[in-house]
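Structure below is query28.cif: mmCIF, N, CA and C atoms.
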```cif
data_target
#
loop_
_atom_site.group_PDB
_atom_site.id
_atom_site.type_symbol
_atom_site.label_atom_id
_atom_site.label_comp_id
_atom_site.auth_asym_id
_atom_site.auth_seq_id
_atom_site.Cartn_x
_atom_site.Cartn_y
_atom_site.Cartn_z
ATOM 1 N N MET A 1 22.359 49.162 21.672
ATOM 2 C CA MET A 1 23.497 48.266 21.625
ATOM 3 C C MET A 1 23.367 47.431 20.355
ATOM 4 N N SER A 2 24.333 47.523 19.475
ATOM 5 C CA SER A 2 24.244 46.804 18.217
ATOM 6 C C SER A 2 24.662 45.347 18.367
ATOM 7 N N LYS A 3 24.073 44.514 17.524
ATOM 8 C CA LYS A 3 24.408 43.089 17.545
ATOM 9 C C LYS A 3 25.881 42.885 17.182
ATOM 10 N N ALA A 4 26.365 43.641 16.203
ATOM 11 C CA ALA A 4 27.762 43.506 15.766
ATOM 12 C C ALA A 4 28.725 43.842 16.909
ATOM 13 N N ALA A 5 28.429 44.896 17.656
ATOM 14 C CA ALA A 5 29.299 45.278 18.768
ATOM 15 C C ALA A 5 29.305 44.209 19.849
ATOM 16 N N THR A 6 28.134 43.654 20.124
ATOM 17 C CA THR A 6 28.047 42.603 21.132
ATOM 18 C C THR A 6 28.818 41.367 20.688
ATOM 19 N N GLU A 7 28.649 40.960 19.439
ATOM 20 C CA GLU A 7 29.339 39.782 18.927
ATOM 21 C C GLU A 7 30.844 39.991 18.880
ATOM 22 N N ALA A 8 31.279 41.206 18.674
ATOM 23 C CA ALA A 8 32.713 41.495 18.618
ATOM 24 C C ALA A 8 33.329 41.537 20.009
ATOM 25 N N GLY A 9 32.495 41.471 21.047
ATOM 26 C CA GLY A 9 33.012 41.467 22.409
ATOM 27 C C GLY A 9 33.286 42.841 22.968
ATOM 28 N N TYR A 10 32.730 43.876 22.344
ATOM 29 C CA TYR A 10 32.995 45.216 22.811
ATOM 30 C C TYR A 10 32.006 45.682 23.868
ATOM 31 N N ILE A 11 30.808 45.090 23.886
ATOM 32 C CA ILE A 11 29.810 45.484 24.862
ATOM 33 C C ILE A 11 29.310 44.234 25.564
ATOM 34 N N TYR A 12 29.282 44.274 26.860
ATOM 35 C CA TYR A 12 28.786 43.152 27.650
ATOM 36 C C TYR A 12 28.028 43.728 28.824
ATOM 37 N N ASP A 13 26.753 43.427 28.908
ATOM 38 C CA ASP A 13 25.893 43.947 29.970
ATOM 39 C C ASP A 13 26.005 45.466 30.087
ATOM 40 N N GLY A 14 26.046 46.147 28.959
ATOM 41 C CA GLY A 14 26.078 47.595 28.957
ATOM 42 C C GLY A 14 27.438 48.201 29.244
ATOM 43 N N LEU A 15 28.445 47.394 29.459
ATOM 44 C CA LEU A 15 29.789 47.884 29.769
ATOM 45 C C LEU A 15 30.658 47.775 28.525
ATOM 46 N N LEU A 16 31.315 48.846 28.177
ATOM 47 C CA LEU A 16 32.260 48.780 27.072
ATOM 48 C C LEU A 16 33.498 48.053 27.564
ATOM 49 N N LEU A 17 33.747 46.870 26.997
ATOM 50 C CA LEU A 17 34.849 46.040 27.475
ATOM 51 C C LEU A 17 36.198 46.706 27.295
ATOM 52 N N LYS A 18 36.334 47.483 26.254
ATOM 53 C CA LYS A 18 37.626 48.116 25.995
ATOM 54 C C LYS A 18 37.936 49.233 26.993
ATOM 55 N N GLU A 19 36.983 49.592 27.849
ATOM 56 C CA GLU A 19 37.245 50.623 28.847
ATOM 57 C C GLU A 19 37.969 50.067 30.069
ATOM 58 N N GLN A 20 38.026 48.769 30.215
ATOM 59 C CA GLN A 20 38.747 48.157 31.329
ATOM 60 C C GLN A 20 40.247 48.166 31.013
ATOM 61 N N PRO A 21 41.097 48.296 32.025
ATOM 62 C CA PRO A 21 42.545 48.257 31.772
ATOM 63 C C PRO A 21 43.001 46.838 31.419
ATOM 64 N N ALA A 22 44.098 46.735 30.708
ATOM 65 C CA ALA A 22 44.629 45.433 30.298
ATOM 66 C C ALA A 22 44.905 44.541 31.510
ATOM 67 N N ALA A 23 45.349 45.139 32.607
ATOM 68 C CA ALA A 23 45.637 44.362 33.818
ATOM 69 C C ALA A 23 44.398 43.635 34.327
ATOM 70 N N TYR A 24 43.232 44.229 34.157
ATOM 71 C CA TYR A 24 41.981 43.589 34.563
ATOM 72 C C TYR A 24 41.811 42.261 33.832
ATOM 73 N N TYR A 25 42.045 42.271 32.522
ATOM 74 C CA TYR A 25 41.869 41.055 31.724
ATOM 75 C C TYR A 25 42.966 40.034 32.009
ATOM 76 N N ARG A 26 44.152 40.484 32.287
ATOM 77 C CA ARG A 26 45.232 39.547 32.652
ATOM 78 C C ARG A 26 44.900 38.859 33.984
ATOM 79 N N THR A 27 44.413 39.615 34.943
ATOM 80 C CA THR A 27 44.033 39.058 36.235
ATOM 81 C C THR A 27 42.861 38.089 36.095
ATOM 82 N N THR A 28 41.894 38.460 35.288
ATOM 83 C CA THR A 28 40.738 37.594 35.061
ATOM 84 C C THR A 28 41.163 36.298 34.378
ATOM 85 N N ALA A 29 42.056 36.387 33.407
ATOM 86 C CA ALA A 29 42.559 35.194 32.726
ATOM 87 C C ALA A 29 43.281 34.281 33.718
ATOM 88 N N GLU A 30 44.037 34.860 34.630
ATOM 89 C CA GLU A 30 44.735 34.061 35.640
ATOM 90 C C GLU A 30 43.734 33.356 36.562
ATOM 91 N N HIS A 31 42.683 34.048 36.923
ATOM 92 C CA HIS A 31 41.624 33.444 37.745
ATOM 93 C C HIS A 31 41.007 32.251 37.007
ATOM 94 N N TYR A 32 40.714 32.429 35.727
ATOM 95 C CA TYR A 32 40.150 31.335 34.931
ATOM 96 C C TYR A 32 41.128 30.162 34.822
ATOM 97 N N ARG A 33 42.429 30.450 34.743
ATOM 98 C CA ARG A 33 43.425 29.370 34.681
ATOM 99 C C ARG A 33 43.415 28.526 35.953
ATOM 100 N N LYS A 34 43.249 29.183 37.092
ATOM 101 C CA LYS A 34 43.179 28.454 38.363
ATOM 102 C C LYS A 34 41.943 27.558 38.397
ATOM 103 N N LEU A 35 40.827 28.083 37.918
ATOM 104 C CA LEU A 35 39.610 27.268 37.859
ATOM 105 C C LEU A 35 39.782 26.108 36.876
ATOM 106 N N LEU A 36 40.437 26.389 35.759
ATOM 107 C CA LEU A 36 40.660 25.363 34.739
ATOM 108 C C LEU A 36 41.482 24.199 35.293
ATOM 109 N N ALA A 37 42.437 24.501 36.146
ATOM 110 C CA ALA A 37 43.284 23.459 36.733
ATOM 111 C C ALA A 37 42.485 22.514 37.633
ATOM 112 N N GLU A 38 41.348 22.982 38.127
ATOM 113 C CA GLU A 38 40.536 22.183 39.046
ATOM 114 C C GLU A 38 39.330 21.517 38.396
ATOM 115 N N THR A 39 38.977 21.918 37.194
ATOM 116 C CA THR A 39 37.746 21.415 36.583
ATOM 117 C C THR A 39 37.924 20.015 36.002
ATOM 118 N N LYS A 40 36.840 19.298 35.964
ATOM 119 C CA LYS A 40 36.866 17.921 35.464
ATOM 120 C C LYS A 40 35.958 17.721 34.246
ATOM 121 N N THR A 41 34.999 18.615 34.028
ATOM 122 C CA THR A 41 34.035 18.405 32.942
ATOM 123 C C THR A 41 34.545 18.993 31.632
ATOM 124 N N PRO A 42 34.323 18.298 30.520
ATOM 125 C CA PRO A 42 34.781 18.790 29.220
ATOM 126 C C PRO A 42 34.168 20.136 28.836
ATOM 127 N N ARG A 43 32.879 20.325 29.120
ATOM 128 C CA ARG A 43 32.228 21.575 28.731
ATOM 129 C C ARG A 43 32.797 22.761 29.498
ATOM 130 N N LEU A 44 33.021 22.592 30.786
ATOM 131 C CA LEU A 44 33.588 23.682 31.575
ATOM 132 C C LEU A 44 35.035 23.941 31.169
ATOM 133 N N THR A 45 35.769 22.895 30.856
ATOM 134 C CA THR A 45 37.138 23.041 30.373
ATOM 135 C C THR A 45 37.157 23.866 29.086
ATOM 136 N N GLN A 46 36.255 23.558 28.175
ATOM 137 C CA GLN A 46 36.157 24.299 26.917
ATOM 138 C C GLN A 46 35.798 25.759 27.162
ATOM 139 N N TYR A 47 34.797 25.982 28.006
ATOM 140 C CA TYR A 47 34.346 27.337 28.291
ATOM 141 C C TYR A 47 35.465 28.180 28.907
ATOM 142 N N LEU A 48 36.136 27.628 29.898
ATOM 143 C CA LEU A 48 37.209 28.374 30.548
ATOM 144 C C LEU A 48 38.355 28.662 29.580
ATOM 145 N N GLY A 49 38.662 27.706 28.709
ATOM 146 C CA GLY A 49 39.685 27.942 27.695
ATOM 147 C C GLY A 49 39.308 29.078 26.769
ATOM 148 N N GLU A 50 38.036 29.134 26.389
ATOM 149 C CA GLU A 50 37.553 30.215 25.523
ATOM 150 C C GLU A 50 37.619 31.560 26.243
ATOM 151 N N MET A 51 37.258 31.577 27.513
ATOM 152 C CA MET A 51 37.292 32.822 28.275
ATOM 153 C C MET A 51 38.730 33.307 28.493
ATOM 154 N N ILE A 52 39.653 32.392 28.717
ATOM 155 C CA ILE A 52 41.064 32.765 28.860
ATOM 156 C C ILE A 52 41.564 33.404 27.570
ATOM 157 N N ALA A 53 41.252 32.768 26.450
ATOM 158 C CA ALA A 53 41.675 33.301 25.151
ATOM 159 C C ALA A 53 41.061 34.683 24.910
ATOM 160 N N ARG A 54 39.792 34.846 25.265
ATOM 161 C CA ARG A 54 39.119 36.133 25.062
ATOM 162 C C ARG A 54 39.758 37.222 25.920
ATOM 163 N N CYS A 55 40.013 36.919 27.188
ATOM 164 C CA CYS A 55 40.635 37.907 28.079
ATOM 165 C C CYS A 55 42.026 38.298 27.588
ATOM 166 N N GLU A 56 42.803 37.321 27.156
ATOM 167 C CA GLU A 56 44.145 37.620 26.649
ATOM 168 C C GLU A 56 44.081 38.460 25.379
ATOM 169 N N ARG A 57 43.112 38.170 24.507
ATOM 170 C CA ARG A 57 42.954 38.937 23.270
ATOM 171 C C ARG A 57 42.590 40.374 23.600
ATOM 172 N N LEU A 58 41.641 40.574 24.505
ATOM 173 C CA LEU A 58 41.240 41.931 24.880
ATOM 174 C C LEU A 58 42.401 42.690 25.524
ATOM 175 N N ALA A 59 43.189 42.030 26.355
ATOM 176 C CA ALA A 59 44.347 42.694 26.975
ATOM 177 C C ALA A 59 45.340 43.141 25.908
ATOM 178 N N ARG A 60 45.602 42.274 24.931
ATOM 179 C CA ARG A 60 46.532 42.652 23.847
ATOM 180 C C ARG A 60 45.992 43.832 23.043
ATOM 181 N N GLU A 61 44.694 43.811 22.728
ATOM 182 C CA GLU A 61 44.103 44.907 21.957
ATOM 183 C C GLU A 61 44.181 46.223 22.702
ATOM 184 N N ILE A 62 43.956 46.175 24.007
ATOM 185 C CA ILE A 62 44.010 47.405 24.812
ATOM 186 C C ILE A 62 45.437 47.928 24.887
ATOM 187 N N GLU A 63 46.408 47.040 25.009
ATOM 188 C CA GLU A 63 47.807 47.467 25.081
ATOM 189 C C GLU A 63 48.270 48.110 23.779
ATOM 190 N N VAL A 64 47.728 47.694 22.656
ATOM 191 C CA VAL A 64 48.109 48.259 21.365
ATOM 192 C C VAL A 64 47.559 49.673 21.222
ATOM 193 N N VAL A 65 46.387 49.906 21.776
ATOM 194 C CA VAL A 65 45.724 51.216 21.673
ATOM 195 C C VAL A 65 46.392 52.144 22.598
#
```
Write the structure described by the file as C-alpha coordinates, please.
Amino acid sequence: MSKAATEAGYIYDGLLLKEQPAAYYRTTAEHYRKLLAETKTPRLTQYLGEMIARCERLAREIEVV
(Lines of atoms letter the chains of each structure in order from A and count residues from 1; the text may use other names and numbers.)
(Lines give C-alpha, C1' and ligand atoms only; values in the text may rest on other atoms or scores of the structure.)
Protein backbone atom coordinates (compact mmCIF):
# COMPACT_ATOMS: atom_id res chain seq x y z
CA MET A 1 0.00 0.00 0.00
CA SER A 2 1.67 3.21 -1.11
CA LYS A 3 1.78 6.33 1.02
CA ALA A 4 0.54 8.44 -1.91
CA ALA A 5 -2.51 6.22 -2.41
CA THR A 6 -3.35 6.34 1.28
CA GLU A 7 -2.98 10.12 1.43
CA ALA A 8 -5.15 10.52 -1.66
CA GLY A 9 -7.93 8.63 0.12
CA TYR A 10 -7.96 5.70 -2.24
CA ILE A 11 -6.99 3.02 0.27
CA TYR A 12 -8.26 2.76 3.81
CA ASP A 13 -7.66 -0.31 5.95
CA GLY A 14 -6.89 -2.33 2.83
CA LEU A 15 -10.15 -1.36 1.11
CA LEU A 16 -10.09 0.51 -2.16
CA LEU A 17 -12.43 3.40 -1.42
CA LYS A 18 -13.35 3.90 -5.04
CA GLU A 19 -14.84 0.39 -5.12
CA GLN A 20 -17.77 1.50 -2.95
CA PRO A 21 -20.85 2.84 -4.78
CA ALA A 22 -21.56 6.58 -4.66
CA ALA A 23 -24.74 5.90 -2.67
CA TYR A 24 -22.60 4.47 0.14
CA TYR A 25 -20.75 7.78 0.51
CA ARG A 26 -23.94 9.83 0.26
CA THR A 27 -25.51 7.74 3.04
CA THR A 28 -22.38 8.00 5.17
CA ALA A 29 -22.29 11.78 4.69
CA GLU A 30 -25.92 11.98 5.81
CA HIS A 31 -25.09 9.95 8.92
CA TYR A 32 -22.24 12.34 9.71
CA ARG A 33 -24.59 15.32 9.23
CA LYS A 34 -26.95 13.90 11.85
CA LEU A 35 -24.06 13.48 14.27
CA LEU A 36 -22.84 16.99 13.46
CA ALA A 37 -26.22 18.43 14.41
CA GLU A 38 -25.84 16.92 17.89
CA THR A 39 -22.17 17.59 18.62
CA LYS A 40 -20.98 20.33 20.92
CA THR A 41 -17.17 20.10 20.78
CA PRO A 42 -15.18 22.15 18.25
CA ARG A 43 -12.81 19.29 17.41
CA LEU A 44 -15.60 16.83 16.69
CA THR A 45 -17.44 19.48 14.68
CA GLN A 46 -14.31 20.00 12.58
CA TYR A 47 -13.72 16.28 12.12
CA LEU A 48 -17.29 15.56 11.06
CA GLY A 49 -17.21 18.48 8.63
CA GLU A 50 -14.04 17.07 7.07
CA MET A 51 -15.55 13.60 6.81
CA ILE A 52 -18.72 14.96 5.18
CA ALA A 53 -16.63 16.83 2.62
CA ARG A 54 -14.53 13.72 1.96
CA CYS A 55 -17.57 11.48 1.47
CA GLU A 56 -19.20 13.98 -0.88
CA ARG A 57 -15.97 14.32 -2.88
CA LEU A 58 -15.62 10.55 -3.23
CA ALA A 59 -19.27 10.22 -4.31
CA ARG A 60 -18.77 12.88 -7.00
CA GLU A 61 -15.57 11.21 -8.25
CA ILE A 62 -17.28 7.83 -8.47
CA GLU A 63 -20.25 9.29 -10.35
CA VAL A 64 -17.91 10.84 -12.94
CA VAL A 65 -16.19 7.50 -13.57
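Considering all atoms listed in the file, the residue among A:Thr45, A:Ala59, A:Glu50, A:Lys40 positioned nearest to Tyr24 (chain A) is A:Ala59.
For the structure shown here, the set of residues caught by the PyMOL selection byres ((chain A and resi 58) around 8) is Leu17, Lys18, Pro21, Ala22, Tyr25, Arg26, Ile52, Ala53, Arg54, Cys55, Glu56, Arg57, Ala59, Arg60, Glu61, Ile62, Glu63 and Val64 of chain A.
Coordinates place CA of Ala29 (chain A) at a distance of 9.3 Å from CA of Gly49 (chain A).
CA of Glu30 (chain A) sits 14.4 Å away from CA of Tyr47 (chain A).
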Any idea what the distance is between atom C of Ala23 (chain A) and atom C of Met51 (chain A)? 13.1 Å
